[in-house]
Amino acid sequence: MRTAAATVILAAMFAPSGGRGADDLAVWEDFSRTFRDGGITTERIRPYFEQLREPILRFVAGIRAQAKPEDWEKRPEIHRVGNQIHFLVPLTTEGDRKTTYCFTVVTEGETWFLQHIEAIFIRLDQIGPPPVSKFPDVTNDQKNWMREEIAMTDRVRVFNLLAKEKGKAFAFEWFKDGQGYFLAARTWVPFVPATRALVLYACWEQSNLRGSPVTLISLGEDRAVLDVDAVEWRLYEQTAHLRETISREDYRTLFEALWRDRAAAAGWDLRIEYTGAKVRFQFQKRPAEGLKRQPGNAGPEAPPR
């Protein structure tokens, strides 16, 4: 699970003296066995925030379904911070890819409880003594994810505030940025016709700024198609808090309002189709007499599942 504030491990600085390695390893053995056997229930979870309890349970089920039995045989890297124990262990996720998870448990007397699961952690426990001007980093993919998670969290927070104060129609309208997006496309991609510049800029912006892999399927005078592995939808499925703060319907409407406004600014109608987190944008040139119309729904579409 990834959260807007990535887990920071400072064990080397704050771990109590007089190590408890043997006890902590015993906790891991009991925890990992309980995890594998499906024994993690809501009662065994002590989340940082109560609204994270059910999402954590869903992540537990997802990890159990993908991890291989031999993954659990590897001895984890263990860090104790007060009554927390952090276990770092690589597990199989999609296909044969390995993801290192940080399982955080909190101990209460002789009992442990799962507190958090994280796939991003910053190794600031490995810095030297101050003064220090260089700090351990994470991968570019992780930084893209973190930036977009922070941005989407802020967007949803503002959307919910505006929807409460002004109504949803006002909130959806607030986030439209079509004219500004089209201006960026025309000025930063000046060497092709403006309508094509919008599509090409969307490809570049999504893949190179947002971390959403893009495939440009076709690009013509009257029609263009591109596939986007949209980080917005991966975030919605994989983070704990977004699904707790905005409905799938509102999230989808917000996503589509933004993109239809961008397309309309450049003279395109836009049809959006979904396959999980993968989104297909089908741009169709609008007739000249229809350029002033607001973009509408091109037909029934199923939201991501």
# chains A, B, ... in the order shown; residues from 1 in each chain; ligands from 1
>>> residues_around(residues="Ala67 of chain A", least_positions_apart="5", cutoff="10 Å", atoms="only C-alpha atoms", output="list of chain:residue names")
A:Arg36, A:Gly62, A:Trp72, A:Pro90, A:Leu91, A:Thr92, A:Thr93, A:Glu94, A:Gly95, A:Asp96, A:Lys98, A:Thr99
>>> residues_around(residues="Leu25 of chain A", least_positions_apart="2", cutoff="10 Å", atoms="only C-alpha atoms", output="ChimeraX atom specification")
/A:20-23,27-31,75-78,85,87
>>> write_last_selection(atoms="C-alpha atoms", output="mmCIF file, in the first residue's frame")
data_model
loop_
_atom_site.group_PDB
_atom_site.id
_atom_site.type_symbol
_atom_site.label_atom_id
_atom_site.label_comp_id
_atom_site.auth_asym_id
_atom_site.auth_seq_id
_atom_site.Cartn_x
_atom_site.Cartn_y
_atom_site.Cartn_z
ATOM 1 C CA ARG A 20 15.777 -7.702 20.831
ATOM 2 C CA GLY A 21 16.607 -9.479 17.572
ATOM 3 C CA ALA A 22 15.579 -12.951 18.719
ATOM 4 C CA ASP A 23 12.205 -11.728 20.038
ATOM 5 C CA VAL A 27 7.242 -12.036 16.056
ATOM 6 C CA TRP A 28 7.997 -12.193 12.323
ATOM 7 C CA GLU A 29 7.641 -15.958 12.235
ATOM 8 C CA ASP A 30 4.254 -15.769 13.958
ATOM 9 C CA PHE A 31 3.126 -12.780 11.885
ATOM 10 C CA ARG A 75 14.660 -13.849 6.575
ATOM 11 C CA PRO A 76 13.428 -10.228 6.568
ATOM 12 C CA GLU A 77 15.380 -7.098 7.352
ATOM 13 C CA ILE A 78 14.108 -6.061 10.781
ATOM 14 C CA ILE A 85 8.649 -3.515 14.337
ATOM 15 C CA PHE A 87 9.849 -6.107 8.494
#
>>> select_by_dssp(residues="segment 75-271 of chain A", states="helix (DSSP H, G or I)", output="JSON, numbers by chain")
{"A": [124, 125, 126, 140, 141, 142, 143, 144, 145, 146, 147, 148, 149, 150, 151, 152, 153, 154, 155, 156, 157, 158, 159, 160, 161, 162, 163, 164, 165, 166, 168, 169, 170, 171, 172, 173, 174, 178, 179, 180, 181, 182, 183, 184, 185, 186, 187, 188, 194, 195, 196, 197, 198, 199, 200, 201, 202, 203, 204, 205, 206, 207, 208, 209, 231, 232, 233, 234, 235, 236, 237, 238, 242, 243, 244, 245, 248, 249, 250, 251, 252, 253, 254, 255, 256, 257, 258, 259, 260, 261, 262, 263, 264, 265]}
>>> residues_around(residues="segment 145-159 of chain A", least_positions_apart="2", cutoff="8 Å", atoms="only C-alpha atoms", output="count of residues only")
19
>>> closest_residue(among="A:Asn160, A:Thr187, A:Ser247, A:Asn140", to="Asn208 of chain A", atoms="only C-alpha atoms")
A:Asn140
>>> select_by_dssp(residues="segment 39-201 of chain A", states="strand (DSSP E)", output="ChimeraX atom specification")
/A:77-81,84-92,98-108,111-118,121-122
>>> write_last_selection(atoms="N, CA and C atoms", output="mmCIF file, in the first residue's frame")
data_model
loop_
_atom_site.group_PDB
_atom_site.id
_atom_site.type_symbol
_atom_site.label_atom_id
_atom_site.label_comp_id
_atom_site.auth_asym_id
_atom_site.auth_seq_id
_atom_site.Cartn_x
_atom_site.Cartn_y
_atom_site.Cartn_z
ATOM 1 N N GLU A 77 14.618 -8.152 6.677
ATOM 2 C CA GLU A 77 15.380 -7.098 7.352
ATOM 3 C C GLU A 77 14.463 -6.531 8.433
ATOM 4 N N ILE A 78 14.955 -6.422 9.650
ATOM 5 C CA ILE A 78 14.108 -6.061 10.781
ATOM 6 C C ILE A 78 14.592 -4.766 11.416
ATOM 7 N N HIS A 79 13.655 -3.858 11.669
ATOM 8 C CA HIS A 79 13.957 -2.599 12.360
ATOM 9 C C HIS A 79 12.920 -2.394 13.459
ATOM 10 N N ARG A 80 13.385 -2.202 14.677
ATOM 11 C CA ARG A 80 12.463 -1.895 15.774
ATOM 12 C C ARG A 80 12.572 -0.422 16.121
ATOM 13 N N VAL A 81 11.416 0.235 16.257
ATOM 14 C CA VAL A 81 11.335 1.638 16.676
ATOM 15 C C VAL A 81 10.271 1.707 17.776
ATOM 16 N N GLN A 84 7.030 -0.456 17.695
ATOM 17 C CA GLN A 84 6.826 -0.852 16.301
ATOM 18 C C GLN A 84 7.974 -1.745 15.848
ATOM 19 N N ILE A 85 7.634 -2.723 15.015
ATOM 20 C CA ILE A 85 8.649 -3.515 14.337
ATOM 21 C C ILE A 85 8.353 -3.449 12.844
ATOM 22 N N HIS A 86 9.367 -3.081 12.060
ATOM 23 C CA HIS A 86 9.238 -3.000 10.607
ATOM 24 C C HIS A 86 9.975 -4.181 9.990
ATOM 25 N N PHE A 87 9.265 -4.958 9.183
ATOM 26 C CA PHE A 87 9.849 -6.107 8.494
ATOM 27 C C PHE A 87 9.895 -5.799 7.001
ATOM 28 N N LEU A 88 11.081 -5.819 6.411
ATOM 29 C CA LEU A 88 11.242 -5.598 4.983
ATOM 30 C C LEU A 88 11.506 -6.937 4.306
ATOM 31 N N VAL A 89 10.655 -7.289 3.342
ATOM 32 C CA VAL A 89 10.814 -8.578 2.667
ATOM 33 C C VAL A 89 10.327 -8.453 1.220
ATOM 34 N N PRO A 90 11.100 -8.979 0.241
ATOM 35 C CA PRO A 90 10.642 -8.968 -1.155
ATOM 36 C C PRO A 90 9.657 -10.112 -1.407
ATOM 37 N N LEU A 91 8.526 -9.779 -2.031
ATOM 38 C CA LEU A 91 7.503 -10.773 -2.345
ATOM 39 C C LEU A 91 7.146 -10.694 -3.824
ATOM 40 N N THR A 92 6.708 -11.797 -4.360
ATOM 41 C CA THR A 92 6.267 -11.835 -5.751
ATOM 42 C C THR A 92 4.949 -11.093 -5.876
ATOM 43 N N LYS A 98 9.339 -8.811 -8.311
ATOM 44 C CA LYS A 98 9.445 -8.756 -6.864
ATOM 45 C C LYS A 98 9.230 -7.324 -6.381
ATOM 46 N N THR A 99 8.444 -7.179 -5.335
ATOM 47 C CA THR A 99 8.244 -5.898 -4.668
ATOM 48 C C THR A 99 8.630 -6.060 -3.205
ATOM 49 N N THR A 100 9.483 -5.156 -2.725
ATOM 50 C CA THR A 100 9.845 -5.204 -1.312
ATOM 51 C C THR A 100 8.805 -4.430 -0.511
ATOM 52 N N TYR A 101 8.173 -5.126 0.407
ATOM 53 C CA TYR A 101 7.163 -4.515 1.265
ATOM 54 C C TYR A 101 7.752 -4.257 2.648
ATOM 55 N N CYS A 102 7.271 -3.213 3.268
ATOM 56 C CA CYS A 102 7.566 -2.951 4.671
ATOM 57 C C CYS A 102 6.288 -3.238 5.456
ATOM 58 N N PHE A 103 6.297 -4.331 6.195
ATOM 59 C CA PHE A 103 5.178 -4.676 7.073
ATOM 60 C C PHE A 103 5.481 -4.094 8.449
ATOM 61 N N THR A 104 4.620 -3.222 8.916
ATOM 62 C CA THR A 104 4.797 -2.618 10.232
ATOM 63 C C THR A 104 3.799 -3.245 11.197
ATOM 64 N N VAL A 105 4.322 -3.826 12.272
ATOM 65 C CA VAL A 105 3.449 -4.340 13.325
ATOM 66 C C VAL A 105 3.732 -3.543 14.591
ATOM 67 N N VAL A 106 2.725 -3.426 15.415
ATOM 68 C CA VAL A 106 2.875 -2.747 16.697
ATOM 69 C C VAL A 106 2.595 -3.781 17.786
ATOM 70 N N THR A 107 3.419 -3.776 18.817
ATOM 71 C CA THR A 107 3.266 -4.761 19.874
ATOM 72 C C THR A 107 2.569 -4.143 21.078
ATOM 73 N N GLU A 108 1.659 -4.912 21.637
ATOM 74 C CA GLU A 108 0.967 -4.527 22.862
ATOM 75 C C GLU A 108 1.101 -5.693 23.825
ATOM 76 N N THR A 111 1.296 -9.379 22.460
ATOM 77 C CA THR A 111 0.504 -9.516 21.242
ATOM 78 C C THR A 111 0.952 -8.509 20.201
ATOM 79 N N TRP A 112 0.986 -8.911 18.932
ATOM 80 C CA TRP A 112 1.301 -7.999 17.840
ATOM 81 C C TRP A 112 0.040 -7.712 17.033
ATOM 82 N N PHE A 113 0.029 -6.552 16.404
ATOM 83 C CA PHE A 113 -1.056 -6.165 15.508
ATOM 84 C C PHE A 113 -0.442 -5.554 14.249
ATOM 85 N N LEU A 114 -1.019 -5.857 13.111
ATOM 86 C CA LEU A 114 -0.562 -5.250 11.862
ATOM 87 C C LEU A 114 -0.989 -3.790 11.845
ATOM 88 N N GLN A 115 -0.047 -2.902 11.599
ATOM 89 C CA GLN A 115 -0.366 -1.478 11.575
ATOM 90 C C GLN A 115 -0.385 -0.903 10.164
ATOM 91 N N HIS A 116 0.537 -1.354 9.309
ATOM 92 C CA HIS A 116 0.623 -0.740 7.981
ATOM 93 C C HIS A 116 1.370 -1.658 7.024
ATOM 94 N N ILE A 117 1.089 -1.490 5.726
ATOM 95 C CA ILE A 117 1.837 -2.154 4.662
ATOM 96 C C ILE A 117 2.260 -1.074 3.680
ATOM 97 N N GLU A 118 3.536 -1.052 3.345
ATOM 98 C CA GLU A 118 4.045 0.019 2.483
ATOM 99 C C GLU A 118 5.029 -0.529 1.462
ATOM 100 N N PHE A 121 9.523 3.242 0.862
ATOM 101 C CA PHE A 121 10.133 3.647 2.129
ATOM 102 C C PHE A 121 11.471 4.293 1.805
ATOM 103 N N ILE A 122 11.761 5.376 2.498
ATOM 104 C CA ILE A 122 12.943 6.185 2.231
ATOM 105 C C ILE A 122 13.997 5.835 3.273
#
>>> closest_residue(among="A:Phe49, A:Tyr274, A:Phe281, A:Trp268", to="Val214 of chain A", atoms="only C-alpha atoms")
A:Phe281
>>> closest_residue(among="A:Val228, A:Ile217, A:Ala266, A:Leu258", to="Arg186 of chain A", atoms="only C-alpha atoms")
A:Ala266
>>> closest_residue(among="A:Thr239, A:Val192, A:Ala26, A:Val279", to="Ala119 of chain A", atoms="only C-alpha atoms")
A:Thr239
>>> closest_residue(among="A:Leu198, A:Val132, A:Val60, A:Leu254", to="Thr41 of chain A", atoms="only C-alpha atoms")
A:Val60
>>> atom_distance(atom1="atom CA of Val225 of chain A", atom2="atom CA of Gln238 of chain A")
26.6 Å
>>> residues_around(residues="Gly220 of chain A", least_positions_apart="2", cutoff="10 Å", atoms="only C-alpha atoms", output="NGL selection string")
:A and (195-196 or 218 or 222-225 or 283-285)
>>> write_last_selection(atoms="N, CA and C atoms", output="PDB file, in the first residue's frame")
ATOM      1  N   THR A 195      -4.130  20.970 -33.620  1.00  0.00           N
ATOM      2  CA  THR A 195      -4.954  19.855 -33.146  1.00  0.00           C
ATOM      3  C   THR A 195      -4.089  18.633 -32.839  1.00  0.00           C
ATOM      4  N   ARG A 196      -3.123  18.363 -33.721  1.00  0.00           N
ATOM      5  CA  ARG A 196      -2.226  17.238 -33.472  1.00  0.00           C
ATOM      6  C   ARG A 196      -1.308  17.523 -32.279  1.00  0.00           C
ATOM      7  N   SER A 218      -2.766   5.786 -33.289  1.00  0.00           N
ATOM      8  CA  SER A 218      -2.910   6.405 -34.609  1.00  0.00           C
ATOM      9  C   SER A 218      -3.030   7.911 -34.436  1.00  0.00           C
ATOM     10  N   ASP A 222      -8.300  13.777 -38.835  1.00  0.00           N
ATOM     11  CA  ASP A 222      -9.646  13.775 -38.262  1.00  0.00           C
ATOM     12  C   ASP A 222      -9.820  12.809 -37.098  1.00  0.00           C
ATOM     13  N   ARG A 223      -8.811  11.986 -36.844  1.00  0.00           N
ATOM     14  CA  ARG A 223      -8.976  10.984 -35.786  1.00  0.00           C
ATOM     15  C   ARG A 223      -7.620  10.630 -35.193  1.00  0.00           C
ATOM     16  N   ALA A 224      -7.602  10.402 -33.887  1.00  0.00           N
ATOM     17  CA  ALA A 224      -6.391   9.959 -33.203  1.00  0.00           C
ATOM     18  C   ALA A 224      -6.791   9.032 -32.062  1.00  0.00           C
ATOM     19  N   VAL A 225      -5.958   8.061 -31.776  1.00  0.00           N
ATOM     20  CA  VAL A 225      -6.229   7.099 -30.717  1.00  0.00           C
ATOM     21  C   VAL A 225      -4.954   6.892 -29.918  1.00  0.00           C
ATOM     22  N   PHE A 283      -9.943  10.379 -30.134  1.00  0.00           N
ATOM     23  CA  PHE A 283     -10.198  11.761 -30.530  1.00  0.00           C
ATOM     24  C   PHE A 283     -10.827  11.773 -31.922  1.00  0.00           C
ATOM     25  N   GLN A 284     -11.896  12.522 -32.076  1.00  0.00           N
ATOM     26  CA  GLN A 284     -12.575  12.677 -33.365  1.00  0.00           C
ATOM     27  C   GLN A 284     -12.730  14.164 -33.643  1.00  0.00           C
ATOM     28  N   LYS A 285     -12.297  14.614 -34.829  1.00  0.00           N
ATOM     29  CA  LYS A 285     -12.372  16.034 -35.182  1.00  0.00           C
ATOM     30  C   LYS A 285     -13.822  16.502 -35.139  1.00  0.00           C
TER      31      LYS A 285
END
>>> atom_distance(atom1="atom CA of Glu256 of chain A", atom2="atom CA of Ala288 of chain A")
22.7 Å
>>> closest_residue(among="A:Pro213, A:Gly38, A:Pro47, A:Gly167", to="Arg64 of chain A", atoms="only C-alpha atoms")
A:Gly38
